[in-house]
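Participant: Sending over coords31.csv (CSV, C-alpha atoms and all ligand atoms).
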```
chain,number,residue,atom,x,y,z
Y,1,MET,CA,31.7,200.6,-75.7
Y,2,ASN,CA,29.2,199.1,-78.0
Y,3,LEU,CA,25.8,200.9,-77.5
Y,4,HIS,CA,22.5,199.9,-79.1
Y,5,ILE,CA,19.2,201.8,-78.7
Y,6,PHE,CA,16.0,199.9,-79.5
Y,7,GLU,CA,12.7,201.3,-80.6
Y,8,ASN,CA,10.7,198.5,-79.0
Y,9,GLN,CA,11.1,196.2,-76.1
Y,10,GLN,CA,10.7,193.0,-78.1
Y,11,GLU,CA,13.7,193.9,-80.3
Y,12,LEU,CA,15.8,194.6,-77.2
Y,13,ASN,CA,14.8,191.3,-75.6
Y,14,GLU,CA,15.6,189.4,-78.8
Y,15,ALA,CA,19.0,191.2,-79.1
Y,16,GLY,CA,19.9,190.4,-75.4
Y,17,ALA,CA,18.8,186.8,-75.7
Y,18,GLY,CA,20.6,186.5,-79.0
Y,19,ILE,CA,23.9,187.6,-77.4
Y,20,ILE,CA,23.6,185.0,-74.7
Y,21,THR,CA,22.4,182.3,-77.0
Y,22,SER,CA,25.3,182.9,-79.5
Y,23,LEU,CA,27.8,182.8,-76.7
Y,24,VAL,CA,26.5,179.5,-75.3
Y,25,GLN,CA,26.3,177.9,-78.8
Y,26,MET,CA,29.9,178.8,-79.4
Y,27,GLN,CA,31.1,178.0,-75.9
Y,28,PRO,CA,28.8,175.3,-74.3
Y,29,LYS,CA,30.8,175.6,-71.0
Y,30,ALA,CA,30.2,179.3,-70.7
Y,31,VAL,CA,30.1,181.0,-67.3
Y,32,LEU,CA,27.2,183.4,-67.2
Y,33,GLY,CA,26.6,186.2,-64.6
Y,34,LEU,CA,22.9,186.7,-64.1
Y,35,ALA,CA,20.9,189.7,-62.9
Y,36,THR,CA,17.4,190.0,-61.5
Y,37,GLY,CA,15.0,192.9,-61.2
Y,38,GLY,CA,12.4,193.9,-63.8
Y,39,THR,CA,15.0,194.7,-66.5
Y,40,PRO,CA,16.0,191.2,-67.7
Y,41,VAL,CA,12.6,189.4,-67.5
Y,42,GLY,CA,11.9,189.8,-71.2
Y,43,ILE,CA,15.3,188.6,-72.1
Y,44,TYR,CA,14.9,185.5,-70.0
Y,45,GLU,CA,11.6,184.9,-71.8
Y,46,GLU,CA,13.3,185.0,-75.1
Y,47,LEU,CA,16.1,182.7,-73.8
Y,48,VAL,CA,13.5,180.1,-72.7
Y,49,LYS,CA,11.9,180.3,-76.2
Y,50,ALA,CA,15.3,179.7,-77.8
Y,51,TYR,CA,15.8,176.7,-75.5
Y,52,GLU,CA,12.3,175.3,-76.3
Y,53,LYS,CA,13.0,175.6,-80.0
Y,54,GLY,CA,16.2,173.5,-79.5
Y,55,ARG,CA,18.5,176.4,-80.4
Y,56,VAL,CA,20.5,176.3,-77.2
Y,57,SER,CA,21.2,174.0,-74.2
Y,58,PHE,CA,22.4,175.0,-70.8
Y,59,LYS,CA,23.5,171.5,-69.7
Y,60,THR,CA,27.1,172.5,-69.4
Y,61,VAL,CA,26.7,176.1,-68.5
Y,62,THR,CA,27.6,177.5,-65.1
Y,63,THR,CA,25.8,180.6,-63.7
Y,64,PHE,CA,26.4,183.1,-60.9
Y,65,ASN,CA,23.8,185.5,-59.7
Y,66,LEU,CA,24.8,189.0,-58.7
Y,67,ASP,CA,23.0,189.3,-55.5
Y,68,GLU,CA,20.3,188.1,-53.0
Y,69,TYR,CA,18.4,189.8,-50.2
Y,70,VAL,CA,19.5,189.0,-46.6
Y,71,GLY,CA,17.0,187.5,-44.2
Y,72,ILE,CA,14.3,186.1,-46.5
Y,73,PRO,CA,14.3,182.4,-47.3
Y,74,ALA,CA,15.0,181.1,-50.7
Y,75,ASP,CA,11.4,180.0,-51.2
Y,76,HIS,CA,10.1,183.5,-50.4
Y,77,PRO,CA,8.3,184.7,-53.6
Y,78,GLU,CA,10.5,187.8,-53.8
Y,79,SER,CA,13.8,186.2,-53.1
Y,80,TYR,CA,16.2,186.2,-56.1
Y,81,HIS,CA,16.3,182.4,-55.8
Y,82,ALA,CA,12.6,182.3,-56.5
Y,83,TYR,CA,12.9,184.9,-59.2
Y,84,MET,CA,15.5,182.8,-61.1
Y,85,GLN,CA,13.4,179.6,-60.8
Y,86,LYS,CA,10.3,181.4,-62.0
Y,87,HIS,CA,11.8,183.3,-64.9
Y,88,LEU,CA,14.5,181.0,-66.1
Y,89,PHE,CA,15.8,177.9,-64.3
Y,90,SER,CA,12.6,175.9,-64.1
Y,91,HIS,CA,12.2,176.2,-67.9
Y,92,ILE,CA,15.7,175.2,-69.1
Y,93,ASP,CA,18.1,172.3,-68.7
Y,94,LEU,CA,20.6,174.0,-66.5
Y,95,PRO,CA,21.6,171.5,-63.8
Y,96,ALA,CA,20.7,172.7,-60.3
Y,97,GLY,CA,24.2,172.3,-59.1
Y,98,SER,CA,25.5,174.6,-61.8
Y,99,ALA,CA,23.5,177.6,-60.7
Y,100,HIS,CA,25.1,179.7,-57.9
Y,101,ILE,CA,23.2,182.4,-56.0
Y,102,PRO,CA,24.4,183.9,-52.7
Y,103,ASN,CA,22.5,182.5,-49.8
Y,104,GLY,CA,21.1,185.6,-47.9
Y,105,ASN,CA,19.7,183.4,-45.2
Y,106,ALA,CA,23.0,181.6,-44.3
Y,107,PRO,CA,23.7,181.5,-40.6
Y,108,ASP,CA,27.1,183.1,-41.1
Y,109,LEU,CA,26.9,185.7,-43.9
Y,110,ASP,CA,30.7,186.4,-43.9
Y,111,GLU,CA,31.3,182.7,-44.4
Y,112,GLU,CA,28.7,182.7,-47.2
Y,113,CYS,CA,30.4,185.6,-49.0
Y,114,GLU,CA,33.7,183.7,-48.7
Y,115,ARG,CA,32.1,180.5,-50.1
Y,116,PHE,CA,30.7,182.5,-53.0
Y,117,ASN,CA,34.0,184.1,-53.7
Y,118,ARG,CA,35.7,180.7,-53.7
Y,119,LEU,CA,33.2,179.4,-56.3
Y,120,LEU,CA,33.9,182.5,-58.4
Y,121,ASP,CA,37.6,181.9,-58.1
Y,122,ASP,CA,37.2,178.3,-59.1
Y,123,ALA,CA,35.2,179.3,-62.2
Y,124,LYS,CA,38.1,181.7,-63.1
Y,125,GLN,CA,36.2,184.2,-65.1
Y,126,ILE,CA,32.6,185.1,-65.9
Y,127,ASP,CA,32.3,185.1,-69.7
Y,128,LEU,CA,29.2,187.3,-69.9
Y,129,GLN,CA,27.9,189.3,-67.0
Y,130,ILE,CA,24.3,190.6,-67.4
Y,131,LEU,CA,23.7,193.8,-65.5
Y,132,GLY,CA,20.7,196.1,-64.8
Y,133,LEU,CA,21.1,199.6,-63.4
Y,134,GLY,CA,19.7,201.0,-60.2
Y,135,HIS,CA,18.2,204.5,-60.2
Y,136,ASN,CA,21.1,205.6,-58.1
Y,137,GLY,CA,23.7,204.0,-60.4
Y,138,HIS,CA,24.1,200.8,-58.4
Y,139,ILE,CA,25.2,197.6,-60.2
Y,140,GLY,CA,24.4,194.4,-58.5
Y,141,PHE,CA,23.7,195.8,-55.1
Y,142,ASN,CA,26.9,197.9,-55.0
Y,143,GLU,CA,25.3,201.1,-53.7
Y,144,PRO,CA,26.9,204.6,-54.1
Y,145,ASP,CA,29.6,205.1,-51.4
Y,146,ASP,CA,32.9,206.8,-50.9
Y,147,SER,CA,34.6,203.5,-51.5
Y,148,LEU,CA,33.5,200.2,-53.1
Y,149,ILE,CA,34.3,196.6,-52.3
Y,150,SER,CA,35.9,194.2,-54.8
Y,151,GLY,CA,34.5,190.8,-53.8
Y,152,THR,CA,31.2,189.4,-52.6
Y,153,HIS,CA,30.0,191.2,-49.4
Y,154,ARG,CA,27.1,192.2,-47.3
Y,155,VAL,CA,25.6,195.6,-48.0
Y,156,GLU,CA,23.0,197.9,-46.5
Y,157,LEU,CA,20.5,198.9,-49.1
Y,158,LYS,CA,19.9,202.6,-49.6
Y,159,ASP,CA,16.4,204.0,-49.0
Y,160,GLU,CA,15.9,204.7,-52.7
Y,161,THR,CA,16.7,201.1,-53.6
Y,162,ARG,CA,14.3,199.8,-51.0
Y,163,GLU,CA,11.6,202.2,-52.3
Y,164,ALA,CA,12.2,201.2,-55.9
Y,165,ASN,CA,11.9,197.5,-55.0
Y,166,ALA,CA,8.9,198.0,-52.7
Y,167,ARG,CA,6.7,197.4,-55.7
Y,168,TYR,CA,7.3,193.7,-55.4
Y,169,PHE,CA,6.4,193.5,-51.7
Y,170,ASP,CA,3.2,194.3,-49.8
Y,171,SER,CA,4.8,197.3,-48.1
Y,172,ILE,CA,8.2,199.0,-47.8
Y,173,ASN,CA,8.6,197.6,-44.3
Y,174,GLU,CA,8.9,194.1,-45.8
Y,175,VAL,CA,11.7,195.0,-48.2
Y,176,PRO,CA,14.9,193.6,-46.7
Y,177,THR,CA,17.4,196.2,-45.4
Y,178,HIS,CA,20.5,194.3,-46.4
Y,179,ALA,CA,21.7,192.1,-49.3
Y,180,LEU,CA,24.7,190.1,-50.4
Y,181,THR,CA,26.2,191.2,-53.6
Y,182,MET,CA,29.0,190.4,-55.9
Y,183,GLY,CA,31.6,193.2,-55.7
Y,184,VAL,CA,32.6,195.5,-58.4
Y,185,GLY,CA,36.0,193.8,-58.8
Y,186,THR,CA,34.2,190.5,-59.7
Y,187,ILE,CA,31.8,192.3,-62.0
Y,188,LEU,CA,34.6,194.1,-63.8
Y,189,LYS,CA,36.6,190.9,-64.2
Y,190,ALA,CA,34.0,189.5,-66.5
Y,191,LYS,CA,35.2,189.0,-70.1
Y,192,THR,CA,32.1,190.9,-71.5
Y,193,ILE,CA,29.5,193.0,-69.7
Y,194,LEU,CA,26.0,193.3,-71.0
Y,195,LEU,CA,24.3,196.3,-69.5
Y,196,ILE,CA,20.6,196.6,-70.1
Y,197,VAL,CA,18.6,199.7,-69.1
Y,198,ARG,CA,15.0,200.5,-69.8
Y,199,GLY,CA,12.6,203.4,-69.1
Y,200,ALA,CA,12.6,207.2,-69.0
Y,201,ASP,CA,13.3,207.2,-65.3
Y,202,LYS,CA,16.8,205.8,-66.0
Y,203,ALA,CA,17.7,208.1,-68.9
Y,204,GLU,CA,19.7,210.5,-66.8
Y,205,ILE,CA,21.5,207.9,-64.6
Y,206,VAL,CA,22.5,205.7,-67.6
Y,207,HIS,CA,23.9,208.8,-69.4
Y,208,ARG,CA,25.8,209.8,-66.3
Y,209,ALA,CA,27.0,206.2,-65.8
Y,210,LEU,CA,28.4,206.0,-69.3
Y,211,THR,CA,29.6,209.5,-70.0
Y,212,GLY,CA,30.1,211.2,-66.6
Y,213,PRO,CA,33.2,211.3,-64.4
Y,214,ILE,CA,34.1,208.0,-62.9
Y,215,THR,CA,33.1,208.0,-59.2
Y,216,THR,CA,32.2,205.4,-56.6
Y,217,GLU,CA,29.2,207.7,-55.9
Y,218,VAL,CA,27.8,206.3,-59.2
Y,219,PRO,CA,29.2,202.7,-59.2
Y,220,ALA,CA,28.1,202.1,-62.8
Y,221,THR,CA,30.6,204.8,-64.0
Y,222,LEU,CA,33.3,202.1,-63.4
Y,223,LEU,CA,31.9,200.3,-66.4
Y,224,GLN,CA,33.5,202.9,-68.5
Y,225,THR,CA,36.8,201.2,-67.7
Y,226,HIS,CA,35.7,197.9,-69.1
Y,227,PRO,CA,37.2,196.8,-72.4
Y,228,HIS,CA,34.1,194.8,-73.6
Y,229,LEU,CA,31.0,196.7,-72.5
Y,230,VAL,CA,27.8,196.1,-74.6
Y,231,VAL,CA,24.9,198.4,-73.7
Y,232,LEU,CA,21.3,197.7,-74.7
Y,233,LEU,CA,18.9,200.6,-74.1
Y,234,ASP,CA,15.3,201.1,-75.0
Y,235,ALA,CA,14.5,204.4,-76.7
Y,236,GLU,CA,13.3,206.1,-73.4
Y,237,ALA,CA,16.5,205.2,-71.5
Y,238,GLY,CA,18.6,206.1,-74.5
Y,239,ARG,CA,17.0,209.6,-74.9
Y,240,LEU,CA,20.1,211.6,-73.9
Y,241,PHE,CA,22.4,209.7,-76.3
Y,242,GLU,CA,20.5,210.7,-79.4
Y,301,LIG,O1,15.7,196.1,-63.1
Y,301,LIG,P1,15.2,196.9,-62.0
Y,301,LIG,O2,14.0,196.2,-61.3
Y,301,LIG,O3,14.9,198.3,-62.3
Y,301,LIG,O4,16.4,196.8,-60.9
Y,301,LIG,C1,17.6,197.5,-61.0
Y,301,LIG,C2,18.7,196.8,-60.4
Y,301,LIG,O5,18.5,196.4,-59.1
Y,301,LIG,C3,18.8,195.1,-58.8
Y,301,LIG,O6,17.6,194.4,-58.7
Y,301,LIG,C4,19.7,194.9,-57.7
Y,301,LIG,O7,20.7,194.0,-58.0
Y,301,LIG,C5,19.5,194.6,-60.1
Y,301,LIG,O8,19.3,193.3,-60.3
Y,301,LIG,C6,18.9,195.5,-61.1
Y,301,LIG,O9,19.9,195.6,-62.0
```
Step by step, read the file and then write its structure as structure tokens.
Ligand SMILES: O=P(O)(O)OC[C@H]1O[C@](O)(CO)[C@@H](O)[C@@H]1O
Facilitator:
Amino acid sequence: MNLHIFENQQELNEAGAGIITSLVQMQPKAVLGLATGGTPVGIYEELVKAYEKGRVSFKTVTTFNLDEYVGIPADHPESYHAYMQKHLFSHIDLPAGSAHIPNGNAPDLDEECERFNRLLDDAKQIDLQILGLGHNGHIGFNEPDDSLISGTHRVELKDETREANARYFDSINEVPTHALTMGVGTILKAKTILLIVRGADKAEIVHRALTGPITTEVPATLLQTHPHLVVLLDAEAGRLFE
């Protein structure tokens, strides 16, 4: 594991964007796994700046998003489709057909998961998977459980996840109860994983995820088994590592 702790958010954002930019410069046909949530916003901002300065192009890149809520349309402001448009896709030259996000509003969700899995299979391997971390140790929307699922699947969100994400909605009742998520098998198959964690409220869970016993009750502990894990933490999240 390659762990870096940053004193300020800007340095973390630049480091995260720098890793992605370098990969795409070296490998213009890179397959990127993208995350949503509050954590990667600043990194996407830096990526957009790198694109605007002509340092990187996404013309031949393919992307896969980790997850999407079930039951809200893609144009809902809090859908992960809308998030990706707002924070990244509308600012760069990634062709629309190269960006894949599960459709949480598909009429047949099992079929949608199969479609997404087939696309992932066709892409062979994600070169770099960006990950945030849920307060309960979830990665993507793979929630703590006594077993975990390898491929893309439908998941019921835990109360704590819905509470954490309620800040983006008018009330908790509007937060979807289910989501589609890439499974842990797909996540762990990525060549490199870039885990990004910020804030004092995640100091304990990230420490447990990276140093505690491996358990499906903390899905992020499985990341300890990955041969190329890069971790970027802000000073608050990294408190217990110092
Ligand atoms: O970055 P946040 O908003 O704390 O979210 C934590 C995690 O939950 C998710 O939103 C669910 O996938 C992830 O994208 C993110 O890593």
Participant: With only C-alpha atoms counted, which protein, DNA or RNA residues have an atom no more than 12 Å from (25.4, 173.6, -67.4) in the file frame? Please answer as a list in words.
Facilitator: Val24, Gln27, Pro28, Lys29, Ala30, Val31, Leu32, Val56, Ser57, Phe58, Lys59, Thr60, Val61, Thr62, Thr63, Phe64, Phe89, Ile92, Asp93, Leu94, Pro95, Ala96, Gly97, Ser98, Ala99 and His100 of chain Y
Participant: Between Y:Val175, Y:Ala203, Y:Val197, Y:Val70, single out the one closest to Leu12 of chain Y, counting all atoms listed in the file.
Facilitator: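 Nearest candidate to Leu12 of chain Y out of Y:Val175, Y:Ala203, Y:Val197, Y:Val70: Y:Val197.
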Participant: Rounded to one decimal in Å, what is the spacing between atom CA of Ile196 of chain Y and atom CA of Gly71 of chain Y?
Facilitator: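 It comes out at 27.7 Å.
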Participant: Counting all atoms listed in the file, what are the residues, protein, DNA or RNA alike, that approach ligand LIG 301 (chain Y) to within 9 Å? I want them as an NGL selection string.
Facilitator: :Y and (34-41 or 66-68 or 80 or 130-135 or 137-142 or 161 or 164-165 or 179 or 181 or 195-199 or 202)
Participant: Using all atoms listed in the file, which of Y:Lys53, Y:His153, Y:Asp121, Y:Pro144 sits nearest Ile214 of chain Y?
Facilitator: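 Nearest to Ile214 of chain Y: Y:Pro144.
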Participant: Smallest atom-to-atom distance to Asp201 of chain Y: which of Y:Glu156, Y:Asp146, Y:Asp234, Y:Asp170, using only C-alpha atoms?
Facilitator: Y:Asp234
Participant: Can you write out as a tab-separated table which residues of segment 81-171 of chain Y fall within 10 Å of segment 14-23 of chain Y, alongside each residue's closest atom pair and its distance in Å to one decimal, counting only C-alpha atoms and ordering rows by chain and ascending residue number?
Facilitator:
```
residue	atom	partner	partner_atom	distance
Y:Asp127	CA	Y:Leu23	CA	8.6
Y:Leu128	CA	Y:Ile20	CA	7.7
Y:Gln129	CA	Y:Ile20	CA	9.8
Y:Ile130	CA	Y:Gly16	CA	9.1
```
Participant: Rounded to one decimal, what separation in Å do you get between atom CA of His228 of chain Y and atom CA of His4 of chain Y?
Facilitator: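 Computing the Euclidean distance for atom CA of His228 of chain Y and atom CA of His4 of chain Y yields 13.8 Å.
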Participant: May I ask which of the residues Y:Ile193, Y:Met84, Y:Ile72, Y:Val206 is the closest one to His178 of chain Y, counting all atoms listed in the file?
Facilitator: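 The closest residue to His178 of chain Y is Y:Ile72.
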Participant: I need the residue nearest Arg162 of chain Y from this list: Y:Gly104, Y:Lys49, Y:Arg208, Y:Pro176. Use all atoms listed in the file for the distance.
Facilitator: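 Between Y:Gly104, Y:Lys49, Y:Arg208, Y:Pro176, the residue approaching Arg162 of chain Y most closely is Y:Pro176.
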Participant: Point out the residue among Y:His226, Y:Ala209, Y:Arg154, Y:Ile126 with the least atom-to-atom distance to Gly33 of chain Y, counting all atoms listed in the file.
Facilitator: Y:Ile126
Participant: Give me, please, the distance in Å between atom CA of Ala82 of chain Y and atom CA of Gln125 of chain Y, quoted to one decimal.
Facilitator: 25.2 Å
Participant: Counting all atoms listed in the file, what is within 9 Å of Phe241 of chain Y, bar same-chain residues fewer than 4 positions away, as an NGL selection string?
Facilitator: :Y and (5 or 203 or 207 or 237)
Participant: Restricting the output to C-alpha atoms, write the selected residues as a PDB file, keeping the file's coordinate frame.
Facilitator:
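Generated file (again29.pdb):
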```pdb
ATOM      1  CA  ILE Y   5      19.200 201.800 -78.700  1.00  0.00           C
ATOM      2  CA  ALA Y 203      17.700 208.100 -68.900  1.00  0.00           C
ATOM      3  CA  HIS Y 207      23.900 208.800 -69.400  1.00  0.00           C
ATOM      4  CA  ALA Y 237      16.500 205.200 -71.500  1.00  0.00           C
TER       5      ALA Y 237
END
```
